[in-house]
file query.cif (mmCIF, C-alpha atoms)
data_structure
loop_
_atom_site.group_PDB
_atom_site.id
_atom_site.type_symbol
_atom_site.label_atom_id
_atom_site.label_comp_id
_atom_site.auth_asym_id
_atom_site.auth_seq_id
_atom_site.Cartn_x
_atom_site.Cartn_y
_atom_site.Cartn_z
ATOM 1 C CA MET A 1 83.898 82.592 116.979
ATOM 2 C CA SER A 2 87.234 84.388 117.127
ATOM 3 C CA THR A 3 90.350 82.631 118.407
ATOM 4 C CA LEU A 4 93.850 83.929 118.932
ATOM 5 C CA ALA A 5 95.456 81.243 121.075
ATOM 6 C CA PRO A 6 94.457 77.857 122.475
ATOM 7 C CA ASN A 7 94.993 78.974 126.078
ATOM 8 C CA LEU A 8 92.136 78.521 128.544
ATOM 9 C CA ASP A 9 93.526 81.390 130.640
ATOM 10 C CA GLY A 10 92.658 83.606 127.689
ATOM 11 C CA LEU A 11 88.914 83.094 127.680
ATOM 12 C CA CYS A 12 86.749 86.186 127.355
ATOM 13 C CA LEU A 13 85.316 87.748 130.494
ATOM 14 C CA LEU A 14 81.768 86.826 129.497
ATOM 15 C CA GLY A 15 80.823 83.195 130.033
ATOM 16 C CA ASP A 16 78.713 83.032 126.878
ATOM 17 C CA CYS A 17 81.461 84.388 124.583
ATOM 18 C CA HIS A 18 83.943 82.036 122.916
ATOM 19 C CA PHE A 19 86.635 84.606 122.133
ATOM 20 C CA ILE A 20 90.095 83.483 123.246
ATOM 21 C CA TRP A 21 92.857 86.045 123.633
ATOM 22 C CA ASP A 22 96.600 85.612 123.419
ATOM 23 C CA THR A 23 97.798 85.938 127.021
ATOM 24 C CA SER A 24 101.390 86.411 125.863
ATOM 25 C CA ARG A 25 100.347 89.833 124.552
ATOM 26 C CA LYS A 26 99.260 92.783 126.662
ATOM 27 C CA ALA A 27 95.594 92.875 127.646
ATOM 28 C CA LYS A 28 95.228 96.401 126.279
ATOM 29 C CA ASP A 29 96.162 95.065 122.839
ATOM 30 C CA THR A 30 93.907 92.016 122.861
ATOM 31 C CA ILE A 31 91.068 91.411 125.305
ATOM 32 C CA LEU A 32 90.259 95.019 126.242
ATOM 33 C CA PRO A 33 89.500 96.109 122.651
ATOM 34 C CA HIS A 34 87.389 92.948 122.248
ATOM 35 C CA LEU A 35 85.397 93.677 125.410
ATOM 36 C CA LEU A 36 84.790 97.265 124.346
ATOM 37 C CA SER A 37 83.810 96.606 120.727
ATOM 38 C CA GLU A 38 81.858 93.366 121.161
ATOM 39 C CA HIS A 39 80.306 93.704 124.620
ATOM 40 C CA LYS A 40 80.561 97.429 125.452
ATOM 41 C CA VAL A 41 82.464 96.533 128.614
ATOM 42 C CA VAL A 42 85.169 98.765 130.056
ATOM 43 C CA ILE A 43 87.488 97.604 132.815
ATOM 44 C CA ALA A 44 88.959 100.614 134.592
ATOM 45 C CA SER A 45 92.447 100.791 136.087
ATOM 46 C CA MET A 46 93.789 97.619 134.472
ATOM 47 C CA ASP A 47 97.248 98.628 135.697
ATOM 48 C CA THR A 48 96.093 97.595 139.198
ATOM 49 C CA VAL A 49 95.217 94.064 138.053
ATOM 50 C CA TYR A 50 98.355 91.982 138.581
ATOM 51 C CA ASN A 51 97.131 88.773 136.977
ATOM 52 C CA VAL A 52 94.704 89.558 134.160
ATOM 53 C CA PRO A 53 93.812 85.926 133.261
ATOM 54 C CA LYS A 54 92.988 85.130 136.908
ATOM 55 C CA TYR A 55 90.945 88.338 137.224
ATOM 56 C CA LEU A 56 88.950 87.606 134.067
ATOM 57 C CA ARG A 57 88.474 83.964 135.076
ATOM 58 C CA TYR A 58 86.850 85.098 138.341
ATOM 59 C CA TRP A 59 84.396 87.369 136.544
ATOM 60 C CA ARG A 60 83.792 84.812 133.795
ATOM 61 C CA ASN A 61 82.372 82.447 136.410
ATOM 62 C CA LYS A 62 79.942 85.151 137.565
ATOM 63 C CA VAL A 63 78.738 87.077 134.528
ATOM 64 C CA SER A 64 77.193 86.607 131.115
ATOM 65 C CA SER A 65 75.757 89.084 128.646
ATOM 66 C CA ALA A 66 72.374 88.620 130.329
ATOM 67 C CA ASN A 67 73.441 89.663 133.844
ATOM 68 C CA LEU A 68 76.076 92.355 133.253
ATOM 69 C CA VAL A 69 73.923 94.947 134.975
ATOM 70 C CA GLU A 70 73.984 92.932 138.224
ATOM 71 C CA HIS A 71 77.773 93.218 138.575
ATOM 72 C CA PHE A 72 78.873 96.212 136.477
ATOM 73 C CA HIS A 73 77.986 99.896 136.544
ATOM 74 C CA GLY A 74 75.845 100.902 133.561
ATOM 75 C CA ILE A 75 76.862 104.124 131.801
ATOM 76 C CA ASN A 76 74.906 105.811 129.048
ATOM 77 C CA VAL A 77 77.270 107.151 126.392
ATOM 78 C CA HIS A 78 76.358 109.606 123.648
ATOM 79 C CA LYS A 79 78.795 109.019 120.775
ATOM 80 C CA GLU A 80 77.618 112.146 119.017
ATOM 81 C CA GLU A 81 75.356 114.913 120.157
ATOM 82 C CA GLY A 82 71.712 114.106 119.465
ATOM 83 C CA ASP A 83 72.329 110.343 119.141
ATOM 84 C CA THR A 84 70.468 107.847 121.240
ATOM 85 C CA PRO A 85 72.731 106.927 124.160
ATOM 86 C CA GLU A 86 74.347 103.490 124.147
ATOM 87 C CA LEU A 87 74.653 101.526 127.368
ATOM 88 C CA TYR A 88 78.219 100.594 128.307
ATOM 89 C CA TYR A 89 79.214 98.594 131.367
ATOM 90 C CA MET A 90 82.087 99.535 133.633
ATOM 91 C CA LEU A 91 83.914 97.337 136.081
ATOM 92 C CA ASN A 92 86.178 99.107 138.551
ATOM 93 C CA ASP A 93 87.384 98.967 142.106
ATOM 94 C CA THR A 94 84.562 101.163 143.421
ATOM 95 C CA SER A 95 82.670 97.885 143.643
ATOM 96 C CA GLU A 96 83.612 96.223 146.945
ATOM 97 C CA GLU A 97 83.757 92.780 145.309
ATOM 98 C CA ASP A 98 86.115 94.017 142.604
ATOM 99 C CA LYS A 99 88.269 95.883 145.123
ATOM 100 C CA VAL A 100 88.642 92.748 147.266
ATOM 101 C CA LEU A 101 89.391 90.634 144.179
ATOM 102 C CA ARG A 102 92.113 92.995 142.941
ATOM 103 C CA TYR A 103 93.720 93.086 146.375
ATOM 104 C CA ARG A 104 93.593 89.280 146.735
ATOM 105 C CA ILE A 105 95.212 88.802 143.324
ATOM 106 C CA TYR A 106 97.834 91.420 144.214
ATOM 107 C CA ARG A 107 98.688 89.594 147.472
ATOM 108 C CA GLU A 108 98.835 86.184 145.770
ATOM 109 C CA THR A 109 101.065 87.585 143.028
ATOM 110 C CA LEU A 110 103.369 89.295 145.534
ATOM 111 C CA GLU A 111 103.653 86.127 147.636
ATOM 112 C CA SER A 112 104.453 84.093 144.526
ATOM 113 C CA VAL A 113 107.153 86.539 143.423
ATOM 114 C CA LEU A 114 108.722 86.660 146.892
ATOM 115 C CA LYS A 115 108.732 82.850 147.070
ATOM 116 C CA GLN A 116 110.415 82.671 143.655
ATOM 117 C CA GLN A 117 112.983 85.276 144.699
ATOM 118 C CA GLN A 118 113.844 83.314 147.845
ATOM 119 C CA GLU A 119 114.211 80.072 145.860
ATOM 120 C CA GLU A 120 116.548 81.826 143.417
ATOM 121 C CA ARG A 121 118.591 83.298 146.287
ATOM 122 C CA GLU A 122 119.154 79.819 147.660
ATOM 123 C CA CYS A 123 119.813 78.218 144.263
ATOM 124 C CA LYS A 124 123.505 77.590 143.565
ATOM 125 C CA GLU A 125 122.980 75.567 140.367
ATOM 126 C CA MET A 126 121.252 78.023 138.029
ATOM 127 C CA SER A 127 122.292 77.271 134.449
ATOM 128 C CA ILE A 128 122.065 79.943 131.752
ATOM 129 C CA LEU A 129 123.794 80.580 128.447
ATOM 130 C CA CYS A 130 125.683 83.875 128.473
ATOM 131 C CA LEU A 131 124.064 86.700 126.514
ATOM 132 C CA PHE A 132 127.335 87.687 124.830
ATOM 133 C CA CYS A 133 129.626 84.660 124.590
ATOM 134 C CA PRO A 134 129.188 80.891 124.144
ATOM 135 C CA ASP A 135 129.838 80.197 127.856
ATOM 136 C CA LYS A 136 127.286 78.254 129.849
ATOM 137 C CA LEU A 137 127.024 79.960 133.214
ATOM 138 C CA ILE A 138 126.361 77.690 136.169
ATOM 139 C CA GLY A 139 125.997 78.929 139.717
ATOM 140 C CA SER A 140 124.116 81.482 141.732
ATOM 141 C CA ARG A 141 122.698 84.772 140.473
ATOM 142 C CA PHE A 142 125.830 86.405 141.905
ATOM 143 C CA THR A 143 128.076 84.157 139.787
ATOM 144 C CA ILE A 144 126.075 84.884 136.631
ATOM 145 C CA SER A 145 125.954 88.640 137.313
ATOM 146 C CA GLU A 146 129.671 88.649 138.083
ATOM 147 C CA HIS A 147 130.495 87.003 134.738
ATOM 148 C CA LEU A 148 128.290 89.419 132.779
ATOM 149 C CA TYR A 149 129.872 92.409 134.520
ATOM 150 C CA ASN A 150 133.529 91.281 134.557
ATOM 151 C CA GLU A 151 133.628 89.770 131.071
ATOM 152 C CA HIS A 152 131.177 91.975 129.180
ATOM 153 C CA SER A 153 130.763 95.169 131.270
ATOM 154 C CA PHE A 154 127.048 94.453 131.489
ATOM 155 C CA THR A 155 125.017 94.631 134.670
ATOM 156 C CA LEU A 156 121.616 93.127 135.354
ATOM 157 C CA GLY A 157 121.267 95.092 138.566
ATOM 158 C CA HIS A 158 121.989 93.918 142.089
ATOM 159 C CA PRO A 159 121.633 90.106 142.199
ATOM 160 C CA ASP A 160 119.589 90.281 145.433
ATOM 161 C CA ASN A 161 116.971 92.351 143.616
ATOM 162 C CA LEU A 162 116.572 89.948 140.700
ATOM 163 C CA VAL A 163 113.615 87.614 140.409
ATOM 164 C CA TYR A 164 112.662 85.307 137.535
ATOM 165 C CA THR A 165 116.289 85.707 136.502
ATOM 166 C CA ALA A 166 116.291 83.033 133.790
ATOM 167 C CA GLN A 167 113.156 84.506 132.174
ATOM 168 C CA PHE A 168 114.627 87.999 132.447
ATOM 169 C CA ILE A 169 117.835 86.937 130.712
ATOM 170 C CA GLU A 170 115.832 85.119 128.019
ATOM 171 C CA SER A 171 113.753 88.252 127.399
ATOM 172 C CA LEU A 172 116.998 90.227 127.025
ATOM 173 C CA ARG A 173 118.332 87.554 124.651
ATOM 174 C CA SER A 174 115.137 87.798 122.594
ATOM 175 C CA LYS A 175 115.428 91.601 122.358
ATOM 176 C CA MET A 176 119.068 91.313 121.329
ATOM 177 C CA ALA A 177 118.191 88.730 118.662
ATOM 178 C CA ARG A 178 115.750 91.283 117.205
ATOM 179 C CA ALA A 179 118.505 93.952 117.394
ATOM 180 C CA GLU A 180 116.354 95.894 119.861
ATOM 181 C CA CYS A 181 118.125 98.313 122.185
ATOM 182 C CA LEU A 182 117.794 97.287 125.832
ATOM 183 C CA TYR A 183 117.658 100.915 126.959
ATOM 184 C CA CYS A 184 115.394 102.701 124.477
ATOM 185 C CA ASP A 185 113.621 99.752 122.753
ATOM 186 C CA LYS A 186 114.570 101.111 119.318
ATOM 187 C CA THR A 187 115.103 98.346 116.749
ATOM 188 C CA PHE A 188 118.192 98.468 114.535
ATOM 189 C CA ARG A 189 118.774 96.718 111.226
ATOM 190 C CA ASP A 190 121.172 94.190 112.796
ATOM 191 C CA TYR A 191 122.971 93.345 116.011
ATOM 192 C CA LYS A 192 126.309 94.727 114.817
ATOM 193 C CA THR A 193 124.764 98.165 114.228
ATOM 194 C CA LEU A 194 123.179 98.020 117.668
ATOM 195 C CA ARG A 195 126.526 97.156 119.329
ATOM 196 C CA ASN A 196 128.268 100.063 117.591
ATOM 197 C CA ILE A 197 125.821 102.681 118.909
#
call {"tool": "encode", "arguments": {"input": "query.cif", "output": "structure tokens"}}
result
Amino acid sequence: MSTLAPNLDGLCLLGDCHFIWDTSRKAKDTILPHLLSEHKVVIASMDTVYNVPKYLRYWRNKVSSANLVEHFHGINVHKEEGDTPELYYMLNDTSEEDKVLRYRIYRETLESVLKQQQEERECKEMSILCLFCPDKLIGSRFTISEHLYNEHSFTLGHPDNLVYTAQFIESLRSKMARAECLYCDKTFRDYKTLRNI
């Protein structure tokens, strides 16, 4: 049994597998390689799955190694010419059930994001530590954005377009702590070097 994180959202797609993946990392770096190497399962167009743990949880309740063929398309793959073909299983949105599932998850995710954005628009008591100075910023997204722009010449974008603002600022803070450029993602040896670029 392989474990990466004690998160039930990170259970493998197959109900009879005990692999747990780290949902804080991208699916392409964790669960997708596991599915391919251990179960010969390929999930196509993962960029159209807006909540990977929820998507996998749905399929986990329906499939096991024994019934893959009932839900997934079987594909014979020749790794090298003359080899016996290996059977791989593909899940994609050509299946009506998968198409409906992806769309439902997309709608639920969109509704959740829009609800969060509306709550943040109405919130006048957001409290965040400034990215650049020791000030604690309290107020609306406009107040926080105004401080960052006026005091530090830094813009987060238009405040009306922001959502999950606190998490966004914390992700920026985390990048800055690693001396990672916010524009090109290049990592520098220290924050001072990054600021001087």
call {"tool": "atom_distance", "arguments": {"input": "query.cif", "atom1": "atom CA of A:Lys79", "atom2": "atom CA of A:His34"}}
result
18.3 Å
call {"tool": "resolve_selection", "arguments": {"input": "query.cif", "expression": "the PyMOL selection byres ((chain A and resi 160) around 9)", "output": "list in words"}}
result
Gln117, Arg121, Arg141, Phe142, Gly157, His158, Pro159, Asn161, Leu162 and Val163 of chain A
call {"tool": "write_last_selection", "arguments": {"input": "query.cif", "atoms": "C-alpha atoms", "output": "short mmCIF file (atom, residue, chain, number, x, y, z; two decimals), in the coordinates of the input"}}
result
data_model
loop_
_atom_site.label_atom_id
_atom_site.label_comp_id
_atom_site.auth_asym_id
_atom_site.auth_seq_id
_atom_site.Cartn_x
_atom_site.Cartn_y
_atom_site.Cartn_z
CA GLN A 117 112.98 85.28 144.70
CA ARG A 121 118.59 83.30 146.29
CA ARG A 141 122.70 84.77 140.47
CA PHE A 142 125.83 86.40 141.90
CA GLY A 157 121.27 95.09 138.57
CA HIS A 158 121.99 93.92 142.09
CA PRO A 159 121.63 90.11 142.20
CA ASN A 161 116.97 92.35 143.62
CA LEU A 162 116.57 89.95 140.70
CA VAL A 163 113.62 87.61 140.41
#
call {"tool": "closest_residue", "arguments": {"input": "query.cif", "among": "A:Lys40, A:Lys54, A:Arg102, A:Arg178", "to": "A:His73", "atoms": "only C-alpha atoms"}}
result
A:Lys40
call {"tool": "atom_distance", "arguments": {"input": "query.cif", "atom1": "atom CA of A:Gln116", "atom2": "atom CA of A:Gly139"}}
result
16.5 Å
call {"tool": "resolve_selection", "arguments": {"input": "query.cif", "expression": "the PyMOL selection byres ((chain A and resi 104) around 12)", "output": "MDAnalysis selection string"}}
result
chainID A and resid 48:51 54:55 58 97:103 105:111
call {"tool": "resolve_selection", "arguments": {"input": "query.cif", "expression": "the PyMOL selection byres ((chain A and resi 17) around 10)", "output": "VMD selection string"}}
result
chain A and resid 1 to 2 11 to 16 18 to 20 38 to 39 60 64 to 65
call {"tool": "residues_near_point", "arguments": {"input": "query.cif", "point": "(121.4, 82.3, 141.4)", "cutoff": "9 Å", "atoms": "all atoms listed in the file", "output": "MDAnalysis selection string"}}
result
chainID A and resid 119:127 138:145 159 165
call {"tool": "residues_around", "arguments": {"input": "query.cif", "residues": "A:Tyr183", "least_positions_apart": "4", "cutoff": "12 Å", "atoms": "all atoms listed in the file", "output": "MDAnalysis selection string"}}
result
chainID A and resid 172 175:176 179 187 194 197
call {"tool": "atom_distance", "arguments": {"input": "query.cif", "atom1": "atom CA of A:Gln118", "atom2": "atom CA of A:Ser171"}}
result
21.0 Å
call {"tool": "closest_residue", "arguments": {"input": "query.cif", "among": "A:Ala44, A:Gly10, A:Val77, A:Val52", "to": "A:Ser95", "atoms": "only C-alpha atoms"}}
result
A:Ala44
call {"tool": "closest_residue", "arguments": {"input": "query.cif", "among": "A:Leu131, A:Val42, A:Val113, A:Leu68", "to": "A:Asn92", "atoms": "all atoms listed in the file"}}
result
A:Val42
call {"tool": "closest_residue", "arguments": {"input": "query.cif", "among": "A:Val69, A:Ser37, A:Phe132, A:Leu91", "to": "A:Tyr149", "atoms": "all atoms listed in the file"}}
result
A:Phe132
call {"tool": "residues_around", "arguments": {"input": "query.cif", "residues": "A:Thr30", "least_positions_apart": "6", "cutoff": "10 Å", "atoms": "all atoms listed in the file", "output": "MDAnalysis selection string"}}
result
chainID A and resid 4 10 20:24
call {"tool": "closest_residue", "arguments": {"input": "query.cif", "among": "A:Lys26, A:Glu80, A:Glu180, A:Arg173", "to": "A:Met46", "atoms": "only C-alpha atoms"}}
result
A:Lys26
call {"tool": "build_atoms", "arguments": {"input": "query.cif", "residues": "stretch 138-174 of chain A", "atoms": "N, CA and C atoms", "output": "short mmCIF file (atom, residue, chain, number, x, y, z; two decimals), in the frame of the given file"}}
result
data_model
loop_
_atom_site.label_atom_id
_atom_site.label_comp_id
_atom_site.auth_asym_id
_atom_site.auth_seq_id
_atom_site.Cartn_x
_atom_site.Cartn_y
_atom_site.Cartn_z
N ILE A 138 126.98 78.55 135.16
CA ILE A 138 126.36 77.69 136.17
C ILE A 138 126.74 78.23 137.54
N GLY A 139 125.74 78.43 138.37
CA GLY A 139 126.00 78.93 139.72
C GLY A 139 124.85 79.77 140.20
N SER A 140 125.14 80.62 141.16
CA SER A 140 124.12 81.48 141.73
C SER A 140 123.91 82.71 140.85
N ARG A 141 122.91 83.52 141.20
CA ARG A 141 122.70 84.77 140.47
C ARG A 141 123.93 85.66 140.58
N PHE A 142 124.62 85.60 141.73
CA PHE A 142 125.83 86.40 141.90
C PHE A 142 126.90 85.99 140.90
N THR A 143 127.07 84.68 140.72
CA THR A 143 128.08 84.16 139.79
C THR A 143 127.76 84.60 138.36
N ILE A 144 126.50 84.50 137.98
CA ILE A 144 126.08 84.88 136.63
C ILE A 144 126.25 86.39 136.42
N SER A 145 125.81 87.18 137.40
CA SER A 145 125.95 88.64 137.31
C SER A 145 127.42 89.04 137.26
N GLU A 146 128.23 88.36 138.04
CA GLU A 146 129.67 88.65 138.08
C GLU A 146 130.31 88.41 136.71
N HIS A 147 129.96 87.30 136.07
CA HIS A 147 130.50 87.00 134.74
C HIS A 147 130.08 88.08 133.74
N LEU A 148 128.79 88.42 133.73
CA LEU A 148 128.29 89.42 132.78
C LEU A 148 128.99 90.77 132.99
N TYR A 149 129.23 91.12 134.24
CA TYR A 149 129.87 92.41 134.52
C TYR A 149 131.37 92.37 134.21
N ASN A 150 132.07 91.35 134.72
CA ASN A 150 133.53 91.28 134.56
C ASN A 150 133.96 91.01 133.12
N GLU A 151 133.23 90.15 132.42
CA GLU A 151 133.63 89.77 131.07
C GLU A 151 133.04 90.65 129.98
N HIS A 152 131.88 91.25 130.24
CA HIS A 152 131.18 91.98 129.18
C HIS A 152 130.76 93.39 129.57
N SER A 153 131.13 93.83 130.77
CA SER A 153 130.76 95.17 131.27
C SER A 153 129.26 95.40 131.20
N PHE A 154 128.50 94.38 131.54
CA PHE A 154 127.05 94.45 131.49
C PHE A 154 126.49 94.09 132.86
N THR A 155 125.59 94.92 133.36
CA THR A 155 125.02 94.63 134.67
C THR A 155 123.51 94.42 134.57
N LEU A 156 123.05 93.42 135.28
CA LEU A 156 121.62 93.13 135.35
C LEU A 156 120.95 93.88 136.50
N GLY A 157 121.76 94.50 137.33
CA GLY A 157 121.27 95.09 138.57
C GLY A 157 121.81 94.26 139.72
N HIS A 158 121.49 94.66 140.93
CA HIS A 158 121.99 93.92 142.09
C HIS A 158 121.36 92.53 142.12
N PRO A 159 122.17 91.47 142.23
CA PRO A 159 121.63 90.11 142.20
C PRO A 159 120.55 89.83 143.24
N ASP A 160 120.62 90.49 144.41
CA ASP A 160 119.59 90.28 145.43
C ASP A 160 118.23 90.83 145.00
N ASN A 161 118.22 91.75 144.07
CA ASN A 161 116.97 92.35 143.62
C ASN A 161 116.36 91.63 142.42
N LEU A 162 117.07 90.66 141.87
CA LEU A 162 116.57 89.95 140.70
C LEU A 162 115.56 88.88 141.09
N VAL A 163 114.58 88.69 140.24
CA VAL A 163 113.62 87.61 140.41
C VAL A 163 113.21 87.17 139.01
N TYR A 164 112.90 85.90 138.85
CA TYR A 164 112.66 85.31 137.54
C TYR A 164 113.87 85.61 136.63
N THR A 165 115.03 85.35 137.17
CA THR A 165 116.29 85.71 136.50
C THR A 165 116.43 85.04 135.15
N ALA A 166 116.15 83.75 135.07
CA ALA A 166 116.29 83.03 133.79
C ALA A 166 115.36 83.63 132.74
N GLN A 167 114.11 83.91 133.12
CA GLN A 167 113.16 84.51 132.17
C GLN A 167 113.60 85.91 131.77
N PHE A 168 114.14 86.65 132.73
CA PHE A 168 114.63 88.00 132.45
C PHE A 168 115.76 87.95 131.43
N ILE A 169 116.70 87.06 131.64
CA ILE A 169 117.84 86.94 130.71
C ILE A 169 117.34 86.48 129.34
N GLU A 170 116.38 85.57 129.31
CA GLU A 170 115.83 85.12 128.02
C GLU A 170 115.10 86.25 127.30
N SER A 171 114.42 87.12 128.05
CA SER A 171 113.75 88.25 127.40
C SER A 171 114.79 89.22 126.84
N LEU A 172 115.92 89.39 127.55
CA LEU A 172 117.00 90.23 127.02
C LEU A 172 117.60 89.60 125.76
N ARG A 173 117.78 88.27 125.81
CA ARG A 173 118.33 87.55 124.65
C ARG A 173 117.42 87.73 123.43
N SER A 174 116.13 87.64 123.66
CA SER A 174 115.14 87.80 122.59
C SER A 174 115.21 89.21 122.00
#
